[in-house]
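File shown: query.txt. Contents: compact mmCIF, C-alpha atoms.
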# COMPACT_ATOMS: atom_id res chain seq x y z
CA MET A 1038 -16.96 22.05 9.54
CA THR A 1039 -18.01 22.93 5.99
CA ASP A 1040 -15.72 22.89 2.95
CA ASN A 1041 -15.56 26.69 3.08
CA ASP A 1042 -14.21 26.64 6.65
CA GLN A 1043 -11.56 24.06 5.84
CA ASP A 1044 -7.93 25.14 5.60
CA PRO A 1045 -6.98 24.98 1.84
CA LEU A 1046 -3.96 22.81 2.68
CA ASP A 1047 -6.15 20.42 4.66
CA LYS A 1048 -8.63 20.26 1.78
CA LEU A 1049 -5.89 19.50 -0.72
CA LEU A 1050 -4.39 16.81 1.49
CA ALA A 1051 -7.81 15.30 2.16
CA ASP A 1052 -8.44 15.16 -1.62
CA GLY A 1053 -5.23 13.19 -1.91
CA LEU A 1054 -3.15 15.02 -4.58
CA VAL A 1055 -3.51 12.18 -7.13
CA LYS A 1056 -6.59 10.87 -8.93
CA THR A 1057 -7.95 7.33 -9.01
CA PRO A 1058 -8.04 6.17 -12.66
CA VAL A 1059 -11.55 5.33 -13.87
CA ASP A 1060 -10.56 1.83 -15.01
CA PHE A 1061 -8.36 1.02 -12.03
CA THR A 1062 -10.43 -1.92 -10.71
CA GLU A 1063 -10.49 -3.58 -14.13
CA THR A 1064 -6.71 -3.10 -14.50
CA VAL A 1065 -6.05 -4.81 -11.16
CA LEU A 1066 -8.46 -7.65 -11.90
CA ASN A 1067 -6.78 -8.25 -15.27
CA ARG A 1068 -3.35 -8.34 -13.61
CA ILE A 1069 -4.62 -10.82 -11.04
CA ALA A 1070 -6.08 -12.98 -13.79
CA GLN A 1071 -2.63 -13.05 -15.45
CA GLU A 1072 -0.38 -13.32 -12.40
CA ALA A 1073 -2.43 -14.87 -9.60
CA PRO A 1074 -5.54 -16.66 -10.87
CA PHE A 1075 -8.82 -16.39 -9.01
CA ASP A 1076 -9.33 -20.14 -8.72
CA TYR A 1077 -7.70 -20.46 -5.33
CA SER A 1078 -8.60 -24.13 -4.86
CA GLN A 1079 -6.51 -25.18 -7.87
CA ARG A 1080 -3.57 -23.05 -6.84
CA ARG A 1081 -3.61 -24.41 -3.30
CA HIS A 1082 -3.75 -27.95 -4.65
CA ALA A 1083 -0.81 -27.23 -6.95
CA ASN A 1084 1.23 -25.78 -4.10
CA SER A 1085 0.53 -28.64 -1.72
CA LYS A 1086 1.99 -31.44 -3.88
CA PRO A 1087 4.22 -33.74 -1.79
CA PRO A 1088 7.94 -33.71 -2.69
CA SER A 1089 8.99 -36.29 -5.26
CA ARG A 1090 11.16 -39.31 -4.36
CA TRP A 1091 14.19 -37.72 -6.05
CA SER A 1092 13.85 -34.37 -4.32
CA SER A 1093 13.53 -36.16 -0.94
CA ALA A 1094 16.71 -38.17 -1.71
CA ALA A 1095 18.53 -34.98 -2.72
CA LEU A 1096 17.46 -33.27 0.52
CA ILE A 1097 18.70 -36.20 2.65
CA ALA A 1098 22.01 -36.36 0.73
CA SER A 1099 22.61 -32.60 1.11
CA THR A 1100 21.82 -32.84 4.85
CA ILE A 1101 24.39 -35.66 5.28
CA VAL A 1102 27.06 -33.78 3.28
CA GLY A 1103 26.33 -30.60 5.23
CA GLY A 1104 26.65 -32.52 8.51
CA PHE A 1105 30.05 -33.87 7.48
CA GLN A 1106 31.17 -30.38 6.52
CA ILE A 1107 30.21 -28.99 9.92
CA ILE A 1108 32.00 -31.85 11.72
CA SER A 1109 35.12 -31.42 9.61
CA PHE A 1110 35.06 -27.66 10.22
CA ILE A 1111 34.82 -28.17 14.00
CA LEU A 1112 37.59 -30.79 13.98
CA GLY A 1113 39.73 -28.53 11.82
CA ILE A 1114 39.75 -25.95 14.59
CA TRP A 1115 39.75 -28.43 17.45
CA ILE A 1116 42.76 -30.52 16.38
CA PRO A 1117 45.35 -27.67 16.05
CA VAL A 1118 44.19 -26.13 19.36
CA THR A 1119 44.56 -29.37 21.36
CA ALA A 1120 47.79 -30.39 19.53
CA GLY A 1121 49.36 -27.02 20.47
CA MET B 245 -18.85 -5.14 -14.43
CA GLU B 246 -22.04 -5.21 -12.34
CA SER B 247 -21.32 -6.82 -9.00
CA LYS B 248 -23.92 -8.80 -7.09
CA PHE B 249 -21.95 -8.13 -3.90
CA SER B 250 -22.13 -4.95 -1.83
CA THR B 251 -19.10 -3.16 -0.44
CA ALA B 252 -19.95 -4.54 2.99
CA ASP B 253 -19.91 -8.06 1.52
CA ALA B 254 -16.51 -7.42 0.02
CA VAL B 255 -14.97 -6.10 3.22
CA ALA B 256 -16.58 -8.88 5.21
CA ALA B 257 -15.25 -11.39 2.67
CA LEU B 258 -11.73 -10.82 3.92
CA SER B 259 -12.82 -10.98 7.56
CA VAL B 260 -14.51 -14.32 7.22
CA ASP B 261 -11.92 -15.69 4.81
CA ARG B 262 -14.54 -16.28 2.13
CA LEU B 263 -12.17 -15.22 -0.61
CA SER B 264 -9.68 -17.91 0.26
CA ASN B 265 -12.23 -20.69 0.43
CA ASP B 266 -13.36 -22.62 -2.58
CA THR B 267 -15.89 -20.07 -3.77
CA GLN B 268 -16.49 -19.94 -7.51
CA GLU B 269 -14.06 -17.95 -9.60
CA THR B 270 -16.72 -15.44 -10.69
CA ASP B 271 -17.78 -14.83 -7.09
CA ASN B 272 -14.17 -14.26 -6.04
CA ARG B 273 -13.65 -11.82 -8.87
CA GLN B 274 -16.82 -9.88 -8.02
CA LEU B 275 -16.07 -9.83 -4.29
CA PHE B 276 -12.57 -8.56 -4.86
CA SER B 277 -13.82 -6.06 -7.41
CA ALA B 278 -16.15 -4.58 -4.75
CA PHE B 279 -13.26 -4.60 -2.26
CA ILE B 280 -11.05 -2.59 -4.65
CA GLU B 281 -13.91 -0.17 -5.39
CA HIS B 282 -14.34 0.44 -1.68
CA TYR B 283 -10.70 1.13 -0.86
CA GLN B 284 -9.11 2.45 -4.07
CA HIS B 285 -9.69 6.17 -3.28
CA GLY B 286 -8.19 5.76 0.18
CA VAL B 287 -5.15 3.96 -1.22
CA PHE B 288 -4.58 6.60 -3.93
CA GLY B 289 -5.09 9.39 -1.38
CA PHE B 290 -2.52 7.81 0.92
CA LEU B 291 0.03 7.42 -1.89
CA GLY B 292 -0.53 10.99 -3.10
CA ARG B 293 0.04 12.35 0.40
CA MET B 294 3.23 10.28 0.60
CA GLY B 295 4.52 12.47 -2.25
CA PHE B 296 4.24 9.98 -5.12
CA SER B 297 3.42 11.16 -8.62
CA GLN B 298 0.30 9.99 -10.48
CA THR B 299 2.27 7.33 -12.41
CA GLU B 300 4.05 6.04 -9.31
CA ALA B 301 0.79 5.99 -7.32
CA GLU B 302 -0.90 3.90 -10.04
CA ASP B 303 1.94 1.35 -10.08
CA LEU B 304 2.08 1.14 -6.30
CA ALA B 305 -1.71 0.89 -5.89
CA GLN B 306 -1.75 -2.06 -8.32
CA GLU B 307 1.07 -3.68 -6.37
CA VAL B 308 -0.86 -3.17 -3.11
CA PHE B 309 -4.05 -4.87 -4.34
CA LEU B 310 -2.05 -7.73 -5.86
CA LYS B 311 -0.40 -8.25 -2.47
CA VAL B 312 -3.80 -8.18 -0.74
CA TRP B 313 -5.01 -10.85 -3.15
CA ARG B 314 -1.90 -13.02 -2.81
CA TYR B 315 -1.65 -12.82 0.98
CA ARG B 316 -5.36 -12.72 1.82
CA ALA B 317 -5.10 -16.08 3.58
CA SER B 318 -2.63 -14.55 6.06
CA TYR B 319 -5.16 -11.92 7.18
CA ASN B 320 -6.29 -12.56 10.76
CA PRO B 321 -9.61 -10.84 11.66
CA GLN B 322 -8.88 -11.38 15.37
CA LYS B 323 -5.78 -9.20 15.09
CA ALA B 324 -6.91 -6.32 12.89
CA GLN B 325 -9.75 -4.83 10.89
CA PRO B 326 -9.48 -5.18 7.08
CA SER B 327 -8.69 -1.46 6.70
CA THR B 328 -5.84 -1.64 9.26
CA TRP B 329 -4.37 -4.65 7.46
CA LEU B 330 -4.75 -3.04 4.04
CA TYR B 331 -3.18 0.29 5.01
CA ALA B 332 -0.29 -1.50 6.75
CA ILE B 333 0.41 -3.12 3.35
CA VAL B 334 0.07 0.28 1.63
CA ARG B 335 2.48 1.86 4.12
CA ASN B 336 5.07 -0.92 3.76
CA THR B 337 4.83 -0.85 -0.04
CA ALA B 338 5.25 2.94 -0.03
CA LEU B 339 8.21 2.83 2.37
CA ASN B 340 9.92 0.13 0.28
CA LYS B 341 9.50 2.31 -2.80
CA LEU B 342 10.94 5.33 -0.97
CA ARG B 343 13.93 3.25 0.18
CA SER B 344 14.56 1.90 -3.32
CA THR B 345 14.48 5.39 -4.83
CA ARG B 346 16.37 7.12 -1.99
CA GLY B 347 17.97 10.32 -3.24
CA ASP B 348 15.74 10.46 -6.29
CA HIS B 349 13.55 13.49 -5.98
CA THR B 350 10.12 12.98 -7.43
CA GLU B 351 9.46 15.79 -9.85
CA LEU B 352 5.86 16.19 -10.85
CA SER B 353 5.24 17.32 -14.35
CA GLU B 354 2.11 19.27 -15.19
CA LEU B 355 0.88 16.29 -17.13
CA GLU B 356 1.22 13.96 -14.18
CA ILE B 357 -1.20 15.90 -12.04
CA ALA B 358 -4.53 14.74 -13.31
CA ALA B 359 -6.94 17.39 -14.45
CA ASP B 360 -10.04 17.81 -12.34
CA LYS B 361 -13.13 18.53 -14.41
CA GLN B 362 -14.99 20.22 -11.55
CA PHE B 363 -12.72 23.30 -11.83
CA GLN B 364 -12.53 26.06 -14.46
CA PRO B 365 -9.27 26.13 -16.51
CA GLU B 366 -7.82 29.03 -14.48
CA GLN B 367 -8.78 27.46 -11.17
CA GLN B 368 -7.42 24.16 -12.45
CA LEU B 369 -4.06 25.69 -13.30
CA GLN B 370 -3.84 27.33 -9.87
CA ARG B 371 -4.83 24.08 -8.20
CA GLN B 372 -2.22 22.13 -10.17
CA GLN B 373 0.47 24.62 -9.15
CA THR B 374 -0.55 24.32 -5.50
CA GLN B 375 -0.60 20.51 -5.76
CA LYS B 376 2.87 20.58 -7.25
CA LYS B 377 4.14 22.82 -4.47
CA VAL B 378 2.58 20.69 -1.71
CA SER B 379 3.98 17.50 -3.28
CA ALA B 380 7.43 19.08 -3.40
CA ALA B 381 7.08 20.09 0.26
CA ILE B 382 5.95 16.57 1.25
CA ASN B 383 9.03 15.16 -0.49
CA LYS B 384 11.17 17.13 1.98
CA LEU B 385 9.58 15.37 4.98
CA SER B 386 10.91 12.14 6.51
CA PRO B 387 9.08 8.91 5.56
CA ASP B 388 7.66 8.65 9.12
CA ASP B 389 6.25 12.18 8.98
CA ARG B 390 4.73 11.50 5.56
CA CYS B 391 3.07 8.32 6.87
CA ALA B 392 1.51 10.19 9.81
CA ILE B 393 0.01 12.80 7.47
CA ALA B 394 -1.06 10.22 4.89
CA LEU B 395 -2.89 8.11 7.50
CA PHE B 396 -4.57 11.05 9.25
CA TYR B 397 -6.71 12.01 6.24
CA LEU B 398 -8.14 8.52 5.67
CA ASP B 399 -11.87 8.59 6.34
CA ASP B 400 -12.17 4.93 7.21
CA LEU B 401 -9.32 4.84 9.72
CA SER B 402 -9.46 5.88 13.38
CA GLY B 403 -6.54 7.42 15.25
CA GLU B 404 -6.15 4.16 17.14
CA GLN B 405 -5.95 2.16 13.90
CA ALA B 406 -3.42 4.62 12.47
CA ALA B 407 -1.35 4.26 15.65
CA ASN B 408 -1.51 0.45 15.27
CA ILE B 409 -0.21 0.68 11.72
CA LEU B 410 2.66 2.89 12.85
CA GLN B 411 3.19 0.57 15.85
CA CYS B 412 2.99 3.37 18.39
CA SER B 413 0.48 4.65 20.97
CA THR B 414 -2.39 6.93 19.95
CA ALA B 415 -0.77 9.77 21.90
CA ALA B 416 2.54 9.22 20.07
CA PHE B 417 0.69 9.24 16.74
CA LYS B 418 -0.97 12.57 17.58
CA THR B 419 2.38 14.06 18.57
CA ARG B 420 4.03 12.80 15.38
CA LEU B 421 1.16 14.12 13.27
CA SER B 422 1.21 17.56 14.86
CA ARG B 423 4.99 17.78 14.37
CA ALA B 424 4.73 16.63 10.74
CA ARG B 425 1.97 19.15 9.91
CA ASN B 426 3.99 21.98 11.47
CA LYS B 427 7.06 20.93 9.46
CA LEU B 428 5.00 20.83 6.27
CA LYS B 429 3.56 24.30 6.90
CA ASN B 430 7.05 25.67 7.66
CA ILE B 431 8.43 24.17 4.42
CA LEU B 432 5.53 25.68 2.44
CA ASN B 433 6.08 29.09 4.10
CA THR B 434 9.78 28.93 3.28
CA MET B 435 8.95 28.07 -0.34
CA ASP B 436 6.54 31.04 -0.51
CA GLU B 437 9.17 33.40 0.94
CA THR B 438 11.78 32.14 -1.54
CA ASN B 439 9.39 32.76 -4.44
CA ASP B 440 8.50 36.28 -3.22

Show me, as structure tokens, the structure contained in the file I just sent.
Amino acid sequence: MTDNDQDPLDKLLADGLVKTPVDFTETVLNRIAQEAPFDYSQRRHANSKPPSRWSSAALIASTIVGGFQIISFILGIWIPVTAG
Amino acid sequence: MESKFSTADAVAALSVDRLSNDTQETDNRQLFSAFIEHYQHGVFGFLGRMGFSQTEAEDLAQEVFLKVWRYRASYNPQKAQPSTWLYAIVRNTALNKLRSTRGDHTELSELEIAADKQFQPEQQLQRQQTQKKVSAAINKLSPDDRCAIALFYLDDLSGEQAANILQCSTAAFKTRLSRARNKLKNILNTMDETND
């Protein structure tokens, strides 16, 4: 099918209704450079740091406190039901 | 910027995970540059057919390629071709935008429809008016119908890939597309009758 045979609506839709800016690639690359650097190896290294001693201790403490809260919540329901 | 990588290199780069390995920064930049060059027209075409204005399409297209860059390590070549993965991101980004601006009707100003130098001023004006009318008609379709139309006109996407993106069978995609195109034509006819 040639362009002349094509339905005008089809042609318009195929063209896409909006234009690609001339400098689009450069704009995206600049944004990546600012927000998500290209040196992936450094970023991966930064993200894979092990947790510090203090953050591990805080995690354990919050797990213990959370456990106690769950137990106390269960007992809070359990005791009135069995006492009644 | 002159790239030493071809488009095929750039598309293959995602498939073989070269971009997420420890390649040099310049190589990564040039590979991704070729990747954007290859797909940018398709992405803009998709967003335009979804009913977004020029400004919205530019913002969303930037967001799409940033997501591709950020999540490139999650791309699995065994599951999908690069284009299927990319257009699934485009679709999700577009649908999120439509959800966040639900009820807001996108009005296209004359300035927002980019001028096309290949047309004479009169032809250009007529073309801009038609574009505006078609965009307004698209905005009356459901997001699913818009997606079917937007995917159909992508050169580098087969019907099967489009169906994968929409998570339906190829037959269901064809049905949805036919229904959406009929709805669009009916809306345009109604608009013409109202104007007459």

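Rounded to one decimal, atom CA of A:Ala1073 and atom CA of B:Tyr315 lie 10.8 Å from each other.
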
The centre and edge lengths of an axis-aligned box containing all atoms of stretch 1086-1105 of chain A present in the file, extended by 4 Å on each side, are to be given in Å to one decimal, as JSON.
{"center_x": 16.0, "center_y": -35.0, "center_z": 1.2, "size_x": 36.1, "size_y": 16.7, "size_z": 22.6}

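Note that the spacing between atom CA of B:Ala394 and atom CA of A:Glu1072 amounts to 29.2 Å.
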
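The nearest approach to B:Gln306 among the residues B:Ser379, B:Ser318, B:Thr374, B:Val287, with all atoms listed in the file taken into account, belongs to B:Val287.
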
Inset, instruction - Compute the set of chain A residues within 9 Å of chain B, using all atoms listed in the file, and express it as a ChimeraX atom specification. - result: /A:1046-1047,1049-1058,1061-1066,1068-1069,1072-1078

Inset, instruction - Record the distance separating atom CA of B:Leu275 and atom CA of B:Tyr331, expressed in Å with one decimal. - result: 18.8 Å

Inset, instruction - Determine, counting all atoms listed in the file, which protein, DNA and RNA residues have an atom within 12 Å of an atom of B:Arg423; residues of the same chain fewer than 6 positions away are not included. Present the result as a PyMOL selection string. - result: chain B and resi 385-386+388-390+392-393+416-417+429-430

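With all atoms listed in the file as the basis for measurement, B:Lys427 is the residue among B:Arg316, B:Lys427, B:Arg335, B:Lys341 that approaches B:Lys384 most closely.
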